[in-house]
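Before any comments, here is the structure.
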Amino acid sequence: MRLQKKFNDYQKQGYEALISGKFMNRNNKKIDNEDKESIILTLISDRRNLQNTQVAMIYNEIAKKMNWKEITEGTVANYKEKFSLESYAGRYGENKFRADKSMQVKRQRPKFSMLYWTADSWDVELLYQKTTENKQGQNVTTYHNRLTVCVILDTSINYPVGYAIGEYETPELIRKAMKDAVNHTKTLFGERYMVNEVQSDRYAIKNLKTVYKSITENFVPAKAHNAKSKVIEPYFKYLNDTYCHFASNWSGYGVTSRKENQPNGNYPTALKKMFPTMEECAEQIAKIIETERQKKREQYKQGFAKLPNDKKQLMSEETFLLYFGTNNTKRGGEASTNRLEGSGMNITIAGKKRHYDCFDLEFRRHSYEDWIVKYDEEDLTKVLAVNKEGTLRFMLEAKHIQPMALAERKEGDSEELQRVFDFNKSIESHVTNMICSAQQRTKDLLLNNAPLLDSTLSKLMITDSNGQHKNQRNRHRITDAEIEEASYKPVDFENNVEEEEESLASLY
């Protein structure tokens with residue numbers, strides 16, 4: 001009959017009908033109220049991650065004084081399973097809890113290029129030898145050294161749009177990688193473009209935030225200690241597997257990797273004297289990145305061609321030089337400054353004197369400013385002049401050098417010469433109009449208020465628009481005809497310019 005009953009229960013309840021109600025509950029009955037359960041939960045979630053025997057020992061000490069039943073380590077194990085979610089953060093930390101227990105967001109890659117870049121640095125698993133001098137003056141060679149590469153990755157097809165290689169990660173290395181990324185867009189698409197969104201970790205974020213925002217309107221730093229949010233880290237593993245693993249100076253995987261995946265421990269030691277120098281190792285890494293670019297270049301350009309036009313945003317020369325340009329510095333690291341001279345802005349770059357100027361009238365109105373000149377070593381045709389306060393910015397262009405000898409004139413020289421003449425005419429026209437207007441207003445003011453300003457007029461010797469002062473002072477004593485006869489003509493800029501042009505033209 002009992003067998004029949006069990007069979008009937010099995011048909012109604014399934015396998016649960018065959019399991020004893022006492023299974024895994026014999027010890028649990030010893031913890032039969034919330035007070036006991038709270039104590040064991042507190043112990044198993046302790047940040048020291050206590051062993052089962054330790055938890056049982058502490059609990060039993062309390063149980064003796066409270067006249068409770070003692071428990072075994074098996075009970076503790078059961079409760080660790082029961083409260084695995086609640087105790088996990090205490091035992092392993094908040095970051096591991098978020099990585100292992102929290103719900104993860106599933107994301108898909110962008111469909112087009114230039115929508116989403118992510119930035120991170122990688123200590124490349126390629127060893128190089130380095131010789132330094134110790135305190136005793138002896139040369140010591142080490143073979144465990146590794147370089148760091150900062151990569152700006154477009155996640156659409158994992159295209160390394162920018163990179164920079166250094167001995168270790170620094171804000172300057174990241175800035176160089178971002179500069180390389182922006183310059184690479186010009187190589188690919190003919191113009192420098194901003195990206196729609198950038199993600200990075202939080203390293204040096206206060207220092208780099210303005211630079212990140214210069215290349216995108218949407219800068220989104222990854223949540224602290226959340227490696228899963230950065231797709232670039234699996235990309236580094238891919239590079240290690242695909243390229244580094246085959247190199248004779250490969251160092252292996254991280255220390256947490258399984259032993260069977262690591263190289264023979266004696267192998268690097270036997271070959272260490274054949275390891276490349278730092279410069280050669282940097283070339284190794286650059287070749288890996290350039291190979292990746294070459295493999296994916298056409299696909300990446302096609303992804304940009306399909307990008308909607310409203311998502312394509314050009315980066316101006318001014319913005320690029322402001323955030324990524326180089327400037328000369330003094331010994332203490334302070335930026336060097338220059339002032340505008342008659343011959344233009346004259347600065348020394350890489351040991352060579354270069355000359356720049358600006359066809360903007362406003363720039364000449366600020367000739368008293370001390371300018372910091374920012375430039376791109378790869379393109380010195382244009383530079384950016386920024387005042388010390390950062391409130392004024394002007395783009396300058398390299399001055400066109402005119403030949404002295406007519407026989408050496410080449411195409412474009414005449415146009416550039418005329419461009420200077422036209423600009424100078426506009427300056428002189430501006431000066432003439434402004435001064436004449438001021439003089440006319442002054443004349444009207446003096447004539448309308450002669451009695452009040454008579455003494456002032458005498459003391460300041462204010463002239464009229466014809467450059468005369470005495471005529472106005474003596475107006476009540478002489479006629480208009482006499483004033484006209486005593487007057488002289490003002491400087492004629494236009495005629496002077498024509499004379500200058502004729503004189504210069506005679507040189508050619």
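Chain labels A, B, ... are given in the sequence in which chains occur in the structure tokens; within each chain residues are numbered consecutively from 1, and ligands are likewise numbered from 1 in the order shown.
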Hey, what does DSSP flag as helix (DSSP H, G or I) within region 329-469 of chain A? Can you give it to me as a tab-separated table (two decimals) with C-alpha atoms, in the first residue's frame?
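So out16.tsv came out as:
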```
chain	number	residue	atom	x	y	z
A	361	LEU	CA	42.77	92.88	-38.67
A	362	GLU	CA	41.79	91.99	-35.12
A	363	PHE	CA	45.10	90.14	-34.60
A	364	ARG	CA	47.05	93.34	-35.24
A	365	ARG	CA	44.89	95.22	-32.78
A	406	LEU	CA	62.73	88.43	-60.81
A	407	ALA	CA	64.22	85.41	-62.56
A	408	GLU	CA	63.37	83.23	-59.57
A	413	ASP	CA	54.25	84.57	-56.04
A	414	SER	CA	52.30	87.41	-57.68
A	415	GLU	CA	49.01	86.31	-56.11
A	416	GLU	CA	50.57	86.17	-52.65
A	417	LEU	CA	52.16	89.59	-53.13
A	418	GLN	CA	48.83	91.07	-54.18
A	419	ARG	CA	47.19	89.43	-51.18
A	420	VAL	CA	49.55	91.35	-48.87
A	421	PHE	CA	48.91	94.62	-50.75
A	422	ASP	CA	45.15	94.14	-50.48
A	423	PHE	CA	45.36	93.39	-46.77
A	424	ASN	CA	47.52	96.45	-46.12
A	425	LYS	CA	45.02	98.59	-48.05
A	426	SER	CA	42.24	97.31	-45.82
A	427	ILE	CA	44.27	98.17	-42.71
A	428	GLU	CA	45.01	101.67	-43.95
A	429	SER	CA	41.40	102.20	-44.99
A	430	HIS	CA	40.28	101.13	-41.53
A	431	VAL	CA	42.77	103.51	-39.85
A	432	THR	CA	41.83	106.42	-42.13
A	433	ASN	CA	38.09	105.98	-41.64
A	434	MET	CA	38.35	105.56	-37.91
A	435	ILE	CA	40.65	108.55	-37.35
A	436	CYS	CA	38.68	110.82	-39.69
A	437	SER	CA	35.46	109.89	-37.93
A	438	ALA	CA	36.99	110.61	-34.55
A	439	GLN	CA	38.43	113.93	-35.73
A	440	GLN	CA	35.09	115.01	-37.20
A	441	ARG	CA	33.26	114.24	-33.98
A	442	THR	CA	35.93	116.10	-32.04
A	443	LYS	CA	35.66	119.10	-34.36
A	444	ASP	CA	31.89	119.23	-33.97
A	445	LEU	CA	32.21	118.94	-30.20
A	446	LEU	CA	34.71	121.79	-30.01
A	447	LEU	CA	32.76	124.10	-32.32
A	448	ASN	CA	29.51	123.52	-30.46
A	450	ALA	CA	33.83	126.62	-27.85
A	451	PRO	CA	33.37	128.85	-24.77
A	452	LEU	CA	33.41	125.88	-22.40
A	453	LEU	CA	36.40	124.16	-23.95
A	454	ASP	CA	38.51	127.15	-24.94
A	455	SER	CA	41.15	126.69	-22.26
A	456	THR	CA	41.17	122.94	-22.83
A	457	LEU	CA	41.63	123.46	-26.54
A	458	SER	CA	44.62	125.69	-25.92
A	459	LYS	CA	46.25	123.31	-23.50
A	460	LEU	CA	45.75	120.06	-25.39
```
Close residues, Tyr143 (chain A) itself excluded, 12 Å, only C-alpha atoms, min 3 positions apart in chain, as JSON, numbers by chain: {"A": [126, 127, 128, 129, 130, 131, 132, 140, 146, 249, 250, 251, 268, 269, 270, 271, 272, 273, 274, 275, 276, 277, 278]}
For CA of Tyr203 (chain A) and CA of Thr118 (chain A), determine how far apart the two atoms are, in Å to one decimal place. 13.2 Å
